[in-house]
Amino acid sequence: MYDCMIKVAINGYGTIGKRVADAVAAQKDMKVIGVSKTRPNAEAFVAKQRGYPLFIADISKKTAFEKAGLAVAGSVEDMCRAADIVVDATPGDVGATNKPLYEKLGIKAIWQGGEDHEVAGFSFNSSCNYKEAIGRKFTRVVSCNTTGLVRIINTIDHEYGVEHVHAIMVRRGSDPGEIKKGPIDAVVLDPVSVPSHHGPDVQTVLPHISITTMAMIVPTTMMHMHAVKITTKREVSREKVVDLINHHPRMGLIKKSLGIKSTAELKEFAMDIGRPRSDLIENCIFEESIYTDRNEISFFQAIHQEADVVVENVDAIRAMMGTEKDADRSVRMTNEALGFVTIQNNH
Ligand code: NAD
């Protein structure tokens with residue numbers, strides 16, 4: 001326990017919020033001051049079971065929560081007043097509507113990738129721009145796909161210089177719990193026009209990177225799959241690329257020996273090795289797919305949409321609070337507190 005624990009509020013206890021809450025609770029230098037819900041559903045009971053004080057967005061719904069057996073600690077405003085920093089994990093576009101509240105209370109805030117870059121004016125990834133987040137009032141943690149892209153692009157850029165990236169995203173249709181979303185039987189171009197929004201989003205973190213992205217949505221809930229081709233400024237060595245990935249704290253290698261060639265088998269493996277919620281925090285890069293030829297690298301990587309951004313939120317908290325100025329140390333603290341080791345160390 002640290003003398004001065006960072007008090008964190010989680011506004012929006014859904015897919016991302018519930019994971020961020022658990023990740024924050026696991027850290028030695030932070031504590032969860034409360035989480036918020038709009039209605040008394042199964043996730044609210046999980047919050048109760050975890051011992052997180054439950055705050056609600058609309059205080060007039062207090063009776064409905066109490067009738068369901070859920071004690072209400074107060075309003076979202078009460079929760080924010082008690083915190084040093086709020087992680088806003090409300091649905092995309094809802095987060096921006098909370099900004100006036102955070103400004104009124106003078107509280108630091110982190111938004112997620114469903115919001116535009118402009119909501120915070122700064123987009124974050126701990127491997128790329130941790131130092132720029134130090135002491136900031138507002139930050140946006142980029143989306144799951146963008147997080148997966150910037151981790152690897154930045155690594156390759158440092159070693160070889162990136163001339164251009166071409167990435168194709170095959171996106172999951174919905175998260176496993178989202179029963180009303182599709183598609184059920186279609187491949188949906190997202191959008192038909194090129195580029196998709198992912199390229200410009202990468203540039204919110206790495207503005208100098210030239211990138212073209214295309215995306216489509218398919219009927220699966222497990223993970224996204226990226227097919228990536230990077231053209232480099234200097235000639236690449238496959239062995240070195242594998243080594244760079246191997247030594248990155250949040251990039252993993254799926255080795256041939258594992259015999260895995262799908263997102264379904266990956267999630268099964270994550271379950272079997274006892275990952276909480278079967279979460280895959282790291283980029284899951286298929287080692288056999290890594291192909292190099294002079295100034296070109298191509299590979300497949302699977303990205304678990306519900307998980308990769310969670311650890312980035314924890315690092316963003318530390319950077320913004322200014323309690324840890326070194327990115328590598330923060331990443332190590334976050335990973336260690338979660339008992340997280342990259343997937344190649346499990347096979
Ligand atoms: P979600 O719908 O699973 O969870 C959002 C939660 O916020 C729900 O519990 C909802 O009840 C609550 N909520 C809604 N309105 C609220 C309000 N006004 N005040 C307080 N709480 C409110 O959403 P999610 O998938 O966790 O997404 C949250 C953010 O994270 C979005 O910006 C999204 O784009 C981003 N994100 C999502 C994923 C993903 O795959 N799920 C991945 C990366 C980033």
# chains A, B, ... in the order shown; residues from 1 in each chain; ligands from 1

$ residues_near_ligand --ligand "ligand 1" --cutoff "7 Å" --atoms "only C-alpha atoms and all ligand atoms" --output "MDAnalysis selection string"
chainID A and resid 11:17 36:39 56:57 89:95 111:115 143:144 175 305:306 309

$ select_by_dssp --residues "segment 103-334 of chain A" --states "strand (DSSP E or B)" --output "number ranges by chain"
A: 108-111, 123-124, 138-141, 162-172, 188-189, 211-218, 224-232, 251-254, 283-286, 291-293, 296-303

$ residues_around --residues "segment 116-119 of chain A" --least-positions-apart "5" --cutoff "8 Å" --atoms "only C-alpha atoms" --output "PyMOL selection string"
chain A and resi 96+99+111+140+204

$ residues_around --residues "segment 235-238 of chain A" --least-positions-apart "5" --cutoff "8 Å" --atoms "only C-alpha atoms" --output "PyMOL selection string"
chain A and resi 160+290-297

$ closest_residue --among "A:Ile153, A:Ile230, A:Ala337, A:Val314" --to "Met251 of chain A" --atoms "only C-alpha atoms"
A:Ile153

$ closest_atom_pairs --of "segment 88-206 of chain A" --to "segment 253-267 of chain A" --cutoff "12 Å" --atoms "only C-alpha atoms" --output "CSV"
residue,atom,partner,partner_atom,distance
A:Val170,CA,A:Thr263,CA,11.4
A:Arg171,CA,A:Thr263,CA,11.4
A:Arg172,CA,A:Thr263,CA,10.3
A:Pro176,CA,A:Lys267,CA,11.9

$ write_last_selection --atoms "N, CA and C atoms" --output "PDB file, in the first residue's frame"
ATOM      1  N   VAL A 170     -10.388  -6.839 -39.874  1.00  0.00           N
ATOM      2  CA  VAL A 170     -11.598  -7.660 -39.909  1.00  0.00           C
ATOM      3  C   VAL A 170     -12.168  -7.578 -38.497  1.00  0.00           C
ATOM      4  N   ARG A 171     -13.248  -6.846 -38.362  1.00  0.00           N
ATOM      5  CA  ARG A 171     -13.729  -6.474 -37.026  1.00  0.00           C
ATOM      6  C   ARG A 171     -14.844  -7.388 -36.523  1.00  0.00           C
ATOM      7  N   ARG A 172     -14.854  -7.618 -35.216  1.00  0.00           N
ATOM      8  CA  ARG A 172     -15.960  -8.382 -34.615  1.00  0.00           C
ATOM      9  C   ARG A 172     -17.249  -7.548 -34.706  1.00  0.00           C
ATOM     10  N   PRO A 176     -19.362 -10.077 -26.802  1.00  0.00           N
ATOM     11  CA  PRO A 176     -20.167 -11.284 -26.537  1.00  0.00           C
ATOM     12  C   PRO A 176     -21.506 -10.999 -25.842  1.00  0.00           C
TER      13      PRO A 176
END

$ closest_residue --among "A:His224, A:Arg332, A:Arg250, A:Lys61" --to "Ile303 of chain A" --atoms "only C-alpha atoms"
A:His224

$ closest_residue --among "A:Val194, A:Met222, A:Val331, A:Val76" --to "Val311 of chain A" --atoms "only C-alpha atoms"
A:Val331

$ residues_around --residues "Val188 of chain A" --least-positions-apart "4" --cutoff "8 Å" --atoms "only C-alpha atoms" --output "JSON, numbers by chain"
{"A": [183, 216, 217, 218]}

$ write_last_selection --atoms "all heavy atoms" --output "PDB file, in the first residue's frame"
ATOM      1  N   PRO A 183     -23.470  -7.871 -37.647  1.00  0.00           N
ATOM      2  CA  PRO A 183     -24.387  -8.637 -38.497  1.00  0.00           C
ATOM      3  C   PRO A 183     -24.460 -10.096 -38.074  1.00  0.00           C
ATOM      4  O   PRO A 183     -23.538 -10.597 -37.444  1.00  0.00           O
ATOM      5  CB  PRO A 183     -23.736  -8.518 -39.875  1.00  0.00           C
ATOM      6  CG  PRO A 183     -22.264  -8.439 -39.572  1.00  0.00           C
ATOM      7  CD  PRO A 183     -22.163  -7.660 -38.295  1.00  0.00           C
ATOM      8  N   MET A 216     -13.684  -4.136 -42.352  1.00  0.00           N
ATOM      9  CA  MET A 216     -14.974  -4.801 -42.586  1.00  0.00           C
ATOM     10  C   MET A 216     -15.413  -5.468 -41.279  1.00  0.00           C
ATOM     11  O   MET A 216     -14.571  -5.776 -40.430  1.00  0.00           O
ATOM     12  CB  MET A 216     -14.854  -5.824 -43.717  1.00  0.00           C
ATOM     13  CG  MET A 216     -13.875  -6.917 -43.454  1.00  0.00           C
ATOM     14  SD  MET A 216     -13.505  -7.863 -44.947  1.00  0.00           S
ATOM     15  CE  MET A 216     -11.956  -7.137 -45.445  1.00  0.00           C
ATOM     16  N   ILE A 217     -16.720  -5.633 -41.137  1.00  0.00           N
ATOM     17  CA  ILE A 217     -17.266  -6.238 -39.918  1.00  0.00           C
ATOM     18  C   ILE A 217     -17.813  -7.622 -40.263  1.00  0.00           C
ATOM     19  O   ILE A 217     -18.501  -7.784 -41.282  1.00  0.00           O
ATOM     20  CB  ILE A 217     -18.389  -5.367 -39.320  1.00  0.00           C
ATOM     21  CG1 ILE A 217     -17.861  -3.949 -39.051  1.00  0.00           C
ATOM     22  CG2 ILE A 217     -18.927  -5.968 -38.032  1.00  0.00           C
ATOM     23  CD1 ILE A 217     -18.900  -2.999 -38.497  1.00  0.00           C
ATOM     24  N   VAL A 218     -17.522  -8.601 -39.427  1.00  0.00           N
ATOM     25  CA  VAL A 218     -17.983  -9.976 -39.677  1.00  0.00           C
ATOM     26  C   VAL A 218     -18.744 -10.508 -38.457  1.00  0.00           C
ATOM     27  O   VAL A 218     -18.592  -9.981 -37.352  1.00  0.00           O
ATOM     28  CB  VAL A 218     -16.786 -10.907 -40.009  1.00  0.00           C
ATOM     29  CG1 VAL A 218     -16.092 -10.464 -41.290  1.00  0.00           C
ATOM     30  CG2 VAL A 218     -15.785 -10.962 -38.868  1.00  0.00           C
TER      31      VAL A 218
END

$ closest_residue --among "A:Pro100, A:Gly106, A:Gly69, A:Gly148" --to "His226 of chain A" --atoms "only C-alpha atoms"
A:Gly148

$ residues_around --residues "Cys80 of chain A" --least-positions-apart "2" --cutoff "9 Å" --atoms "only C-alpha atoms" --output "PyMOL selection string"
chain A and resi 8-11+33-34+75-78+82-86+101-102+105+107

$ write_last_selection --atoms "C-alpha atoms" --output "mmCIF file, in the first residue's frame"
data_model
loop_
_atom_site.group_PDB
_atom_site.id
_atom_site.type_symbol
_atom_site.label_atom_id
_atom_site.label_comp_id
_atom_site.auth_asym_id
_atom_site.auth_seq_id
_atom_site.Cartn_x
_atom_site.Cartn_y
_atom_site.Cartn_z
ATOM 1 C CA VAL A 8 -10.099 6.639 -9.258
ATOM 2 C CA ALA A 9 -13.763 6.887 -10.262
ATOM 3 C CA ILE A 10 -15.074 4.755 -13.118
ATOM 4 C CA ASN A 11 -17.986 6.438 -14.868
ATOM 5 C CA ILE A 33 -13.517 5.165 -5.223
ATOM 6 C CA GLY A 34 -16.677 4.095 -7.039
ATOM 7 C CA SER A 75 -24.782 10.415 -7.828
ATOM 8 C CA VAL A 76 -22.066 10.452 -10.493
ATOM 9 C CA GLU A 77 -21.280 13.993 -9.368
ATOM 10 C CA ASP A 78 -20.798 12.769 -5.767
ATOM 11 C CA ALA A 82 -14.528 12.053 -4.070
ATOM 12 C CA ALA A 83 -11.969 11.141 -6.770
ATOM 13 C CA ASP A 84 -8.643 12.470 -8.069
ATOM 14 C CA ILE A 85 -9.371 11.280 -11.593
ATOM 15 C CA VAL A 86 -12.297 9.792 -13.497
ATOM 16 C CA LEU A 101 -19.309 18.092 -15.323
ATOM 17 C CA TYR A 102 -15.598 17.241 -15.145
ATOM 18 C CA LEU A 105 -15.537 19.942 -10.718
ATOM 19 C CA ILE A 107 -11.326 16.822 -12.059
#

$ residues_around --residues "Lys229 of chain A" --least-positions-apart "5" --cutoff "9 Å" --atoms "only C-alpha atoms" --output "ChimeraX atom specification"
/A:164-168,296-299

$ select_by_dssp --residues "segment 79-290 of chain A" --states "alpha helix (DSSP H)" --output "VMD selection string"
chain A and resid 79 to 81 94 to 97 99 to 105 126 to 133 144 to 160 198 to 205 238 to 247 263 to 272

$ closest_residue --among "A:Glu159, A:Glu103, A:Asp22, A:Glu268" --to "Gln49 of chain A" --atoms "only C-alpha atoms"
A:Asp22

$ closest_residue --among "A:Lys181, A:Arg50, A:Arg275, A:Arg136" --to "Val341 of chain A" --atoms "only C-alpha atoms"
A:Arg275

$ atom_distance --atom1 "atom CA of Ser278 of chain A" --atom2 "atom CA of Ala109 of chain A"
27.9 Å
